[in-house]
file coords_25.cif (mmCIF, N, CA, C and O atoms)
data_work
#
loop_
_atom_site.label_atom_id
_atom_site.label_comp_id
_atom_site.auth_asym_id
_atom_site.auth_seq_id
_atom_site.Cartn_x
_atom_site.Cartn_y
_atom_site.Cartn_z
N MET A 10 50.88 -62.49 154.81
CA MET A 10 49.44 -62.73 154.88
C MET A 10 49.19 -63.94 155.78
O MET A 10 49.75 -65.01 155.59
N ALA A 11 48.36 -63.78 156.77
CA ALA A 11 48.08 -64.83 157.74
C ALA A 11 46.98 -65.76 157.21
O ALA A 11 46.12 -65.34 156.46
N PRO A 12 47.02 -67.03 157.61
CA PRO A 12 45.98 -67.96 157.16
C PRO A 12 44.62 -67.59 157.76
O PRO A 12 44.53 -67.19 158.91
N GLU A 13 43.60 -67.72 156.93
CA GLU A 13 42.25 -67.37 157.37
C GLU A 13 41.33 -68.57 157.23
O GLU A 13 41.50 -69.41 156.37
N LEU A 14 40.35 -68.59 158.11
CA LEU A 14 39.31 -69.60 158.05
C LEU A 14 37.98 -68.88 158.21
O LEU A 14 37.72 -68.28 159.26
N MET A 15 37.18 -68.91 157.14
CA MET A 15 35.89 -68.22 157.13
C MET A 15 36.05 -66.74 157.48
O MET A 15 35.27 -66.17 158.25
N GLY A 16 37.10 -66.12 156.96
CA GLY A 16 37.31 -64.70 157.15
C GLY A 16 37.92 -64.31 158.49
O GLY A 16 38.02 -63.13 158.81
N ILE A 17 38.31 -65.29 159.30
CA ILE A 17 38.88 -65.00 160.61
C ILE A 17 40.36 -65.38 160.58
O ILE A 17 40.71 -66.47 160.14
N ASP A 18 41.22 -64.47 161.05
CA ASP A 18 42.65 -64.73 161.10
C ASP A 18 42.94 -65.72 162.23
O ASP A 18 42.73 -65.42 163.40
N ILE A 19 43.40 -66.93 161.88
CA ILE A 19 43.61 -68.00 162.86
C ILE A 19 44.73 -67.66 163.84
O ILE A 19 44.61 -67.93 165.03
N THR A 20 45.78 -67.05 163.37
CA THR A 20 46.93 -66.76 164.24
C THR A 20 46.58 -65.73 165.31
O THR A 20 47.18 -65.73 166.39
N GLN A 21 45.63 -64.89 165.06
CA GLN A 21 45.24 -63.88 166.06
C GLN A 21 44.42 -64.49 167.19
O GLN A 21 44.46 -64.03 168.31
N GLY A 22 43.69 -65.56 166.91
CA GLY A 22 42.81 -66.14 167.89
C GLY A 22 43.51 -67.11 168.82
O GLY A 22 43.10 -67.27 169.97
N GLY A 23 44.52 -67.80 168.36
CA GLY A 23 45.25 -68.75 169.19
C GLY A 23 44.39 -69.92 169.62
O GLY A 23 43.76 -70.60 168.82
N ALA A 24 44.34 -70.16 170.93
CA ALA A 24 43.61 -71.29 171.49
C ALA A 24 42.11 -71.17 171.26
O ALA A 24 41.41 -72.16 171.03
N VAL A 25 41.60 -69.94 171.29
CA VAL A 25 40.17 -69.73 171.07
C VAL A 25 39.80 -70.14 169.65
O VAL A 25 38.78 -70.79 169.41
N ALA A 26 40.63 -69.78 168.69
CA ALA A 26 40.37 -70.15 167.30
C ALA A 26 40.43 -71.66 167.12
O ALA A 26 39.60 -72.25 166.43
N LEU A 27 41.40 -72.27 167.75
CA LEU A 27 41.52 -73.73 167.67
C LEU A 27 40.30 -74.41 168.27
O LEU A 27 39.74 -75.34 167.70
N LEU A 28 39.84 -73.95 169.40
CA LEU A 28 38.65 -74.50 170.05
C LEU A 28 37.42 -74.29 169.17
O LEU A 28 36.59 -75.19 169.02
N ALA A 29 37.33 -73.12 168.56
CA ALA A 29 36.19 -72.83 167.68
C ALA A 29 36.19 -73.77 166.47
O ALA A 29 35.14 -74.27 166.05
N ILE A 30 37.37 -74.03 165.93
CA ILE A 30 37.48 -74.94 164.80
C ILE A 30 37.03 -76.34 165.19
O ILE A 30 36.27 -77.00 164.48
N VAL A 31 37.49 -76.81 166.35
CA VAL A 31 37.11 -78.15 166.82
C VAL A 31 35.60 -78.24 167.03
O VAL A 31 34.96 -79.21 166.64
N VAL A 32 35.03 -77.20 167.64
CA VAL A 32 33.58 -77.19 167.89
C VAL A 32 32.83 -77.20 166.56
O VAL A 32 31.85 -77.94 166.39
N LEU A 33 33.27 -76.41 165.61
CA LEU A 33 32.63 -76.40 164.29
C LEU A 33 32.72 -77.77 163.61
O LEU A 33 31.77 -78.23 162.99
N MET A 34 33.87 -78.41 163.73
CA MET A 34 34.04 -79.73 163.11
C MET A 34 33.12 -80.76 163.76
O MET A 34 32.56 -81.62 163.07
N VAL A 35 32.95 -80.68 165.08
CA VAL A 35 32.05 -81.60 165.78
C VAL A 35 30.61 -81.35 165.33
O VAL A 35 29.86 -82.28 165.05
N LEU A 36 30.22 -80.08 165.25
CA LEU A 36 28.85 -79.74 164.86
C LEU A 36 28.55 -80.14 163.41
O LEU A 36 27.44 -80.55 163.10
N LYS A 37 29.54 -80.01 162.53
CA LYS A 37 29.35 -80.40 161.13
C LYS A 37 29.39 -81.91 160.94
O LYS A 37 28.96 -82.42 159.92
N GLY A 38 29.92 -82.63 161.92
CA GLY A 38 30.02 -84.07 161.81
C GLY A 38 31.33 -84.54 161.21
O GLY A 38 31.52 -85.73 160.95
N SER A 39 32.26 -83.62 160.98
CA SER A 39 33.56 -83.99 160.45
C SER A 39 34.44 -84.66 161.50
O SER A 39 35.33 -85.43 161.18
N LEU A 40 34.19 -84.33 162.75
CA LEU A 40 34.98 -84.87 163.85
C LEU A 40 34.02 -85.59 164.80
O LEU A 40 33.11 -84.99 165.35
N VAL A 41 34.20 -86.90 164.90
CA VAL A 41 33.31 -87.70 165.75
C VAL A 41 34.16 -88.47 166.76
O VAL A 41 35.34 -88.76 166.51
N PRO A 42 33.57 -88.83 167.89
CA PRO A 42 34.31 -89.63 168.86
C PRO A 42 34.67 -91.00 168.29
O PRO A 42 33.99 -91.53 167.42
N ARG A 43 35.76 -91.56 168.77
CA ARG A 43 36.23 -92.85 168.26
C ARG A 43 35.18 -93.94 168.44
O ARG A 43 35.01 -94.79 167.58
N ARG A 44 34.48 -93.93 169.56
CA ARG A 44 33.44 -94.94 169.81
C ARG A 44 32.35 -94.87 168.74
O ARG A 44 31.89 -95.88 168.23
N THR A 45 31.96 -93.66 168.38
CA THR A 45 30.95 -93.48 167.34
C THR A 45 31.47 -93.99 166.00
O THR A 45 30.76 -94.66 165.26
N TYR A 46 32.72 -93.66 165.70
CA TYR A 46 33.33 -94.12 164.46
C TYR A 46 33.40 -95.65 164.42
O TYR A 46 33.07 -96.26 163.40
N ASP A 47 33.80 -96.27 165.52
CA ASP A 47 33.88 -97.73 165.58
C ASP A 47 32.50 -98.36 165.41
O ASP A 47 32.35 -99.38 164.73
N ASP A 48 31.48 -97.75 166.03
CA ASP A 48 30.11 -98.25 165.87
C ASP A 48 29.65 -98.16 164.42
O ASP A 48 29.02 -99.08 163.89
N MET A 49 29.98 -97.04 163.78
CA MET A 49 29.60 -96.87 162.37
C MET A 49 30.30 -97.89 161.49
O MET A 49 29.70 -98.45 160.57
N LYS A 50 31.58 -98.14 161.77
CA LYS A 50 32.33 -99.14 161.00
C LYS A 50 31.75 -100.53 161.19
O LYS A 50 31.61 -101.30 160.24
N GLU A 51 31.40 -100.87 162.44
CA GLU A 51 30.83 -102.18 162.74
C GLU A 51 29.48 -102.36 162.03
O GLU A 51 29.21 -103.41 161.46
N GLU A 52 28.66 -101.31 162.04
CA GLU A 52 27.37 -101.39 161.36
C GLU A 52 27.55 -101.52 159.86
O GLU A 52 26.84 -102.28 159.20
N ARG A 53 28.52 -100.79 159.29
CA ARG A 53 28.80 -100.89 157.87
C ARG A 53 29.21 -102.30 157.50
O ARG A 53 28.74 -102.87 156.52
N ASN A 54 30.09 -102.90 158.33
CA ASN A 54 30.53 -104.26 158.05
C ASN A 54 29.38 -105.26 158.17
O ASN A 54 29.30 -106.22 157.41
N LEU A 55 28.48 -105.02 159.13
CA LEU A 55 27.32 -105.89 159.29
C LEU A 55 26.44 -105.84 158.06
O LEU A 55 26.02 -106.89 157.54
N TRP A 56 26.17 -104.63 157.55
CA TRP A 56 25.35 -104.50 156.35
C TRP A 56 26.05 -105.09 155.13
O TRP A 56 25.40 -105.69 154.26
N ARG A 57 27.36 -104.93 155.05
CA ARG A 57 28.11 -105.49 153.92
C ARG A 57 28.02 -107.01 153.94
O ARG A 57 27.79 -107.64 152.90
N ASP A 58 28.19 -107.62 155.12
CA ASP A 58 28.09 -109.07 155.23
C ASP A 58 26.68 -109.56 154.90
O ASP A 58 26.51 -110.58 154.22
N ALA A 59 25.67 -108.81 155.35
CA ALA A 59 24.28 -109.19 155.05
C ALA A 59 24.03 -109.11 153.54
O ALA A 59 23.37 -109.99 152.97
N HIS A 60 24.57 -108.10 152.90
CA HIS A 60 24.40 -107.96 151.45
C HIS A 60 25.09 -109.11 150.71
O HIS A 60 24.53 -109.68 149.78
N THR A 61 26.29 -109.44 151.14
CA THR A 61 27.02 -110.54 150.50
C THR A 61 26.26 -111.85 150.65
O THR A 61 26.12 -112.61 149.69
N GLU A 62 25.74 -112.10 151.85
CA GLU A 62 24.97 -113.33 152.08
C GLU A 62 23.70 -113.33 151.23
O GLU A 62 23.33 -114.36 150.66
N SER A 63 23.04 -112.20 151.13
CA SER A 63 21.83 -112.09 150.34
C SER A 63 22.12 -112.35 148.86
O SER A 63 21.35 -113.05 148.18
N GLU A 64 23.20 -111.78 148.36
CA GLU A 64 23.54 -111.99 146.94
C GLU A 64 23.90 -113.44 146.66
O GLU A 64 23.59 -113.97 145.61
N THR A 65 24.56 -114.10 147.62
CA THR A 65 24.88 -115.51 147.46
C THR A 65 23.59 -116.33 147.39
O THR A 65 23.46 -117.23 146.54
N ALA A 66 22.64 -116.02 148.26
CA ALA A 66 21.37 -116.74 148.25
C ALA A 66 20.60 -116.48 146.95
O ALA A 66 19.99 -117.39 146.39
N ARG A 67 20.65 -115.23 146.46
CA ARG A 67 19.96 -114.92 145.21
C ARG A 67 20.58 -115.66 144.03
O ARG A 67 19.88 -116.10 143.13
N ALA A 68 21.90 -115.81 144.03
CA ALA A 68 22.57 -116.54 142.95
C ALA A 68 22.14 -118.01 142.97
O ALA A 68 21.87 -118.59 141.91
N ALA A 69 22.07 -118.60 144.15
CA ALA A 69 21.62 -119.99 144.27
C ALA A 69 20.17 -120.12 143.81
O ALA A 69 19.80 -121.08 143.13
N GLU A 70 19.36 -119.15 144.17
CA GLU A 70 17.95 -119.16 143.75
C GLU A 70 17.82 -119.07 142.23
O GLU A 70 16.99 -119.76 141.63
N ARG A 71 18.64 -118.22 141.61
CA ARG A 71 18.60 -118.11 140.14
C ARG A 71 18.98 -119.44 139.48
O ARG A 71 18.36 -119.83 138.49
N GLU A 72 19.97 -120.11 140.02
CA GLU A 72 20.38 -121.40 139.47
C GLU A 72 19.25 -122.43 139.60
O GLU A 72 18.97 -123.18 138.67
N GLN A 73 18.60 -122.45 140.75
CA GLN A 73 17.49 -123.38 140.95
C GLN A 73 16.33 -123.05 140.01
O GLN A 73 15.69 -123.96 139.47
N THR A 74 16.07 -121.78 139.82
CA THR A 74 15.00 -121.38 138.91
C THR A 74 15.30 -121.82 137.49
O THR A 74 14.41 -122.28 136.78
N LYS A 75 16.56 -121.69 137.07
CA LYS A 75 16.93 -122.14 135.72
C LYS A 75 16.66 -123.63 135.57
O LYS A 75 16.10 -124.07 134.56
N GLU A 76 17.06 -124.41 136.57
CA GLU A 76 16.84 -125.85 136.51
C GLU A 76 15.36 -126.19 136.48
O GLU A 76 14.92 -127.05 135.71
N LEU A 77 14.57 -125.50 137.30
CA LEU A 77 13.13 -125.76 137.33
C LEU A 77 12.47 -125.38 136.01
O LEU A 77 11.57 -126.09 135.54
N LEU A 78 12.91 -124.29 135.39
CA LEU A 78 12.35 -123.91 134.10
C LEU A 78 12.69 -124.93 133.03
O LEU A 78 11.85 -125.25 132.18
N GLU A 79 13.89 -125.44 133.07
CA GLU A 79 14.29 -126.47 132.10
C GLU A 79 13.43 -127.72 132.28
O GLU A 79 12.97 -128.31 131.30
N LEU A 80 13.20 -128.11 133.52
CA LEU A 80 12.33 -129.26 133.79
C LEU A 80 10.90 -129.00 133.34
O LEU A 80 10.23 -129.89 132.80
N ALA A 81 10.42 -127.79 133.53
CA ALA A 81 9.07 -127.43 133.10
C ALA A 81 8.95 -127.49 131.58
O ALA A 81 7.95 -127.97 131.05
N HIS A 82 9.98 -127.00 130.87
CA HIS A 82 9.96 -127.07 129.40
C HIS A 82 9.95 -128.52 128.94
O HIS A 82 9.20 -128.88 128.03
N THR A 83 10.77 -129.34 129.58
CA THR A 83 10.82 -130.76 129.22
C THR A 83 9.46 -131.42 129.47
O THR A 83 8.95 -132.16 128.62
N ALA A 84 8.87 -131.16 130.61
CA ALA A 84 7.55 -131.74 130.93
C ALA A 84 6.50 -131.24 129.94
O ALA A 84 5.63 -132.01 129.51
N GLY A 85 6.57 -130.00 129.56
CA GLY A 85 5.64 -129.45 128.56
C GLY A 85 5.76 -130.14 127.23
O GLY A 85 4.76 -130.46 126.58
N HIS A 86 7.00 -130.40 126.80
CA HIS A 86 7.21 -131.10 125.54
C HIS A 86 6.69 -132.53 125.61
O HIS A 86 6.08 -133.02 124.65
N VAL A 87 6.93 -133.19 126.73
CA VAL A 87 6.45 -134.57 126.89
C VAL A 87 4.92 -134.59 126.85
O VAL A 87 4.32 -135.43 126.15
N LEU A 88 4.29 -133.69 127.58
CA LEU A 88 2.83 -133.67 127.60
C LEU A 88 2.23 -133.30 126.25
O LEU A 88 1.20 -133.85 125.85
N SER A 89 2.85 -132.40 125.54
CA SER A 89 2.32 -132.02 124.22
C SER A 89 2.54 -133.11 123.18
O SER A 89 1.83 -133.18 122.18
N SER A 90 3.50 -133.99 123.41
CA SER A 90 3.74 -135.06 122.44
C SER A 90 2.85 -136.28 122.69
O SER A 90 2.78 -137.17 121.85
N LEU A 91 2.16 -136.33 123.81
CA LEU A 91 1.24 -137.44 124.08
C LEU A 91 0.03 -137.35 123.15
O LEU A 91 -0.42 -136.26 122.82
N PRO A 92 -0.47 -138.50 122.72
CA PRO A 92 -1.64 -138.45 121.81
C PRO A 92 -2.87 -137.92 122.53
O PRO A 92 -3.05 -138.12 123.73
N ARG A 93 -3.69 -137.24 121.78
CA ARG A 93 -4.93 -136.69 122.32
C ARG A 93 -6.01 -137.77 122.40
O ARG A 93 -5.93 -138.80 121.74
N LYS A 94 -7.02 -137.52 123.19
CA LYS A 94 -8.11 -138.48 123.39
C LYS A 94 -8.84 -138.78 122.08
O LYS A 94 -9.15 -139.92 121.75
N GLU A 95 -9.08 -137.74 121.29
CA GLU A 95 -9.78 -137.92 120.00
C GLU A 95 -8.93 -138.74 119.05
O GLU A 95 -9.45 -139.59 118.30
N ALA A 96 -7.62 -138.51 119.08
CA ALA A 96 -6.73 -139.27 118.19
C ALA A 96 -6.74 -140.74 118.57
O ALA A 96 -6.72 -141.62 117.69
N LEU A 97 -6.76 -141.04 119.87
CA LEU A 97 -6.82 -142.44 120.32
C LEU A 97 -8.13 -143.08 119.90
O LEU A 97 -8.18 -144.22 119.43
N ARG A 98 -9.22 -142.33 120.06
CA ARG A 98 -10.54 -142.87 119.70
C ARG A 98 -10.61 -143.14 118.20
O ARG A 98 -11.09 -144.19 117.76
N ASN A 99 -10.08 -142.23 117.39
CA ASN A 99 -10.08 -142.42 115.93
C ASN A 99 -9.23 -143.61 115.54
O ASN A 99 -9.59 -144.38 114.64
N ALA A 100 -8.08 -143.78 116.24
CA ALA A 100 -7.21 -144.92 115.94
C ALA A 100 -7.91 -146.22 116.30
O ALA A 100 -7.82 -147.21 115.55
N GLN A 101 -8.63 -146.24 117.42
CA GLN A 101 -9.35 -147.47 117.81
C GLN A 101 -10.47 -147.76 116.82
O GLN A 101 -10.72 -148.92 116.46
N LEU A 102 -11.17 -146.72 116.36
CA LEU A 102 -12.24 -146.93 115.37
C LEU A 102 -11.66 -147.44 114.06
O LEU A 102 -12.27 -148.32 113.41
N ASP A 103 -10.53 -146.93 113.67
CA ASP A 103 -9.90 -147.38 112.43
C ASP A 103 -9.49 -148.84 112.54
O ASP A 103 -9.68 -149.62 111.61
N GLN A 104 -8.96 -149.24 113.70
CA GLN A 104 -8.56 -150.63 113.90
C GLN A 104 -9.78 -151.54 113.90
O GLN A 104 -9.76 -152.64 113.34
N ALA A 105 -10.84 -151.09 114.56
CA ALA A 105 -12.07 -151.90 114.58
C ALA A 105 -12.68 -152.00 113.20
O ALA A 105 -13.23 -153.05 112.81
N HIS A 106 -12.62 -150.96 112.43
CA HIS A 106 -13.18 -150.94 111.07
C HIS A 106 -12.37 -151.83 110.15
O HIS A 106 -12.93 -152.47 109.26
N ASP A 107 -11.07 -151.86 110.33
CA ASP A 107 -10.20 -152.70 109.50
C ASP A 107 -10.37 -154.18 109.82
O ASP A 107 -10.17 -155.03 108.96
N ALA A 108 -10.73 -154.52 111.03
CA ALA A 108 -10.85 -155.92 111.41
C ALA A 108 -12.12 -156.55 111.00
O ALA A 108 -12.88 -156.46 110.25
#
call {"tool": "encode", "arguments": {"input": "coords_25.cif", "output": "structure tokens"}}
result
Amino acid sequence: MAPELMGIDITQGGAVALLAIVVLMVLKGSLVPRRTYDDMKEERNLWRDAHTESETARAAEREQTKELLELAHTAGHVLSSLPRKEALRNAQLDQAHDA
């Protein structure tokens, strides 16, 4: 039994069958010129490097955001612990009344 490709006996076709296979591979995109392959690899590496740089920047941004949130919480606690205007006025009235 001879090898077949898409129902066609390859050994009967010889060079024509081989050429047909190569043409089909080029049309399907399975076989590309080396220059095209190198360009695709270079573009892939460029996008990979850009992604890595972006993720590094995002990690630094997350760390800064954590620090800023901690400072905001601290400032909120400090501001909420300050006496209110009414409390100061009542304290001054109490001191004046006691004197």
call {"tool": "atom_distance", "arguments": {"input": "coords_25.cif", "atom1": "atom N of Ser39 in chain A", "atom2": "CA of Leu27 in chain A"}}
result
15.1 Å
call {"tool": "select_by_dssp", "arguments": {"input": "coords_25.cif", "residues": "chain A", "states": "alpha helix (DSSP H)", "output": "PyMOL selection string"}}
result
chain A and resi 19-22+24-37+43-90+94-107
call {"tool": "atom_distance", "arguments": {"input": "coords_25.cif", "atom1": "CA of Asn54 in chain A", "atom2": "CA of Leu40 in chain A"}}
result
20.7 Å
call {"tool": "axis_aligned_box", "arguments": {"input": "coords_25.cif", "around": "range 82-91 of chain A", "padding_each_side": "8 Å", "output": "JSON"}}
result
{"center_x": 5.2, "center_y": -132.2, "center_z": 126.4, "size_x": 27.2, "size_y": 26.4, "size_z": 25.1}
call {"tool": "atom_distance", "arguments": {"input": "coords_25.cif", "atom1": "atom N of Ala105 in chain A", "atom2": "CA of Pro92 in chain A"}}
result
17.2 Å
call {"tool": "build_atoms", "arguments": {"input": "coords_25.cif", "residues": "range 84-95 of chain A", "atoms": "all heavy atoms", "output": "mmCIF file, in the frame of the given file"}}
result
data_model
loop_
_atom_site.group_PDB
_atom_site.id
_atom_site.type_symbol
_atom_site.label_atom_id
_atom_site.label_comp_id
_atom_site.auth_asym_id
_atom_site.auth_seq_id
_atom_site.Cartn_x
_atom_site.Cartn_y
_atom_site.Cartn_z
ATOM 1 N N ALA A 84 8.870 -131.160 130.610
ATOM 2 C CA ALA A 84 7.550 -131.740 130.930
ATOM 3 C C ALA A 84 6.500 -131.240 129.940
ATOM 4 O O ALA A 84 5.630 -132.010 129.510
ATOM 5 C CB ALA A 84 7.155 -131.384 132.350
ATOM 6 N N GLY A 85 6.570 -130.000 129.560
ATOM 7 C CA GLY A 85 5.640 -129.450 128.560
ATOM 8 C C GLY A 85 5.760 -130.140 127.230
ATOM 9 O O GLY A 85 4.760 -130.460 126.580
ATOM 10 N N HIS A 86 7.000 -130.400 126.800
ATOM 11 C CA HIS A 86 7.210 -131.100 125.540
ATOM 12 C C HIS A 86 6.690 -132.530 125.610
ATOM 13 O O HIS A 86 6.080 -133.020 124.650
ATOM 14 C CB HIS A 86 8.694 -131.106 125.157
ATOM 15 C CG HIS A 86 9.201 -129.780 124.690
ATOM 16 N ND1 HIS A 86 8.720 -129.141 123.572
ATOM 17 C CD2 HIS A 86 10.135 -128.949 125.209
ATOM 18 C CE1 HIS A 86 9.334 -127.993 123.410
ATOM 19 N NE2 HIS A 86 10.215 -127.849 124.406
ATOM 20 N N VAL A 87 6.930 -133.190 126.730
ATOM 21 C CA VAL A 87 6.450 -134.570 126.890
ATOM 22 C C VAL A 87 4.920 -134.590 126.850
ATOM 23 O O VAL A 87 4.320 -135.430 126.150
ATOM 24 C CB VAL A 87 6.972 -135.187 128.211
ATOM 25 C CG1 VAL A 87 6.252 -136.474 128.546
ATOM 26 C CG2 VAL A 87 8.473 -135.425 128.121
ATOM 27 N N LEU A 88 4.290 -133.690 127.580
ATOM 28 C CA LEU A 88 2.830 -133.670 127.600
ATOM 29 C C LEU A 88 2.230 -133.300 126.250
ATOM 30 O O LEU A 88 1.200 -133.850 125.850
ATOM 31 C CB LEU A 88 2.328 -132.692 128.678
ATOM 32 C CG LEU A 88 2.556 -133.132 130.118
ATOM 33 C CD1 LEU A 88 2.148 -132.019 131.074
ATOM 34 C CD2 LEU A 88 1.782 -134.403 130.410
ATOM 35 N N SER A 89 2.850 -132.400 125.540
ATOM 36 C CA SER A 89 2.320 -132.020 124.220
ATOM 37 C C SER A 89 2.540 -133.110 123.180
ATOM 38 O O SER A 89 1.830 -133.180 122.180
ATOM 39 C CB SER A 89 2.929 -130.703 123.758
ATOM 40 O OG SER A 89 4.313 -130.857 123.523
ATOM 41 N N SER A 90 3.500 -133.990 123.410
ATOM 42 C CA SER A 90 3.740 -135.060 122.440
ATOM 43 C C SER A 90 2.850 -136.280 122.690
ATOM 44 O O SER A 90 2.780 -137.170 121.850
ATOM 45 C CB SER A 90 5.207 -135.497 122.486
ATOM 46 O OG SER A 90 5.490 -136.127 123.720
ATOM 47 N N LEU A 91 2.160 -136.330 123.810
ATOM 48 C CA LEU A 91 1.240 -137.440 124.080
ATOM 49 C C LEU A 91 0.030 -137.350 123.150
ATOM 50 O O LEU A 91 -0.420 -136.260 122.820
ATOM 51 C CB LEU A 91 0.770 -137.402 125.539
ATOM 52 C CG LEU A 91 1.819 -137.713 126.601
ATOM 53 C CD1 LEU A 91 1.226 -137.514 127.992
ATOM 54 C CD2 LEU A 91 2.350 -139.121 126.448
ATOM 55 N N PRO A 92 -0.470 -138.500 122.720
ATOM 56 C CA PRO A 92 -1.640 -138.450 121.810
ATOM 57 C C PRO A 92 -2.870 -137.920 122.530
ATOM 58 O O PRO A 92 -3.050 -138.120 123.730
ATOM 59 C CB PRO A 92 -1.820 -139.905 121.408
ATOM 60 C CG PRO A 92 -1.033 -140.716 122.359
ATOM 61 C CD PRO A 92 -0.016 -139.840 122.987
ATOM 62 N N ARG A 93 -3.690 -137.240 121.780
ATOM 63 C CA ARG A 93 -4.930 -136.690 122.320
ATOM 64 C C ARG A 93 -6.010 -137.770 122.400
ATOM 65 O O ARG A 93 -5.930 -138.800 121.740
ATOM 66 C CB ARG A 93 -5.434 -135.553 121.432
ATOM 67 C CG ARG A 93 -4.416 -134.454 121.232
ATOM 68 C CD ARG A 93 -4.833 -133.251 122.039
ATOM 69 N NE ARG A 93 -3.962 -132.136 121.761
ATOM 70 C CZ ARG A 93 -3.132 -131.631 122.639
ATOM 71 N NH1 ARG A 93 -3.050 -132.152 123.830
ATOM 72 N NH2 ARG A 93 -2.387 -130.620 122.326
ATOM 73 N N LYS A 94 -7.020 -137.520 123.190
ATOM 74 C CA LYS A 94 -8.110 -138.480 123.390
ATOM 75 C C LYS A 94 -8.840 -138.780 122.080
ATOM 76 O O LYS A 94 -9.150 -139.920 121.750
ATOM 77 C CB LYS A 94 -9.075 -137.908 124.423
ATOM 78 C CG LYS A 94 -10.051 -138.878 124.971
ATOM 79 C CD LYS A 94 -10.864 -138.210 126.074
ATOM 80 C CE LYS A 94 -11.674 -139.221 126.833
ATOM 81 N NZ LYS A 94 -12.434 -138.613 127.915
ATOM 82 N N GLU A 95 -9.080 -137.740 121.290
ATOM 83 C CA GLU A 95 -9.780 -137.920 120.000
ATOM 84 C C GLU A 95 -8.930 -138.740 119.050
ATOM 85 O O GLU A 95 -9.450 -139.590 118.300
ATOM 86 C CB GLU A 95 -10.094 -136.570 119.348
ATOM 87 C CG GLU A 95 -11.006 -135.670 120.147
ATOM 88 C CD GLU A 95 -10.262 -134.860 121.193
ATOM 89 O OE1 GLU A 95 -9.060 -134.605 121.032
ATOM 90 O OE2 GLU A 95 -10.897 -134.497 122.195
#
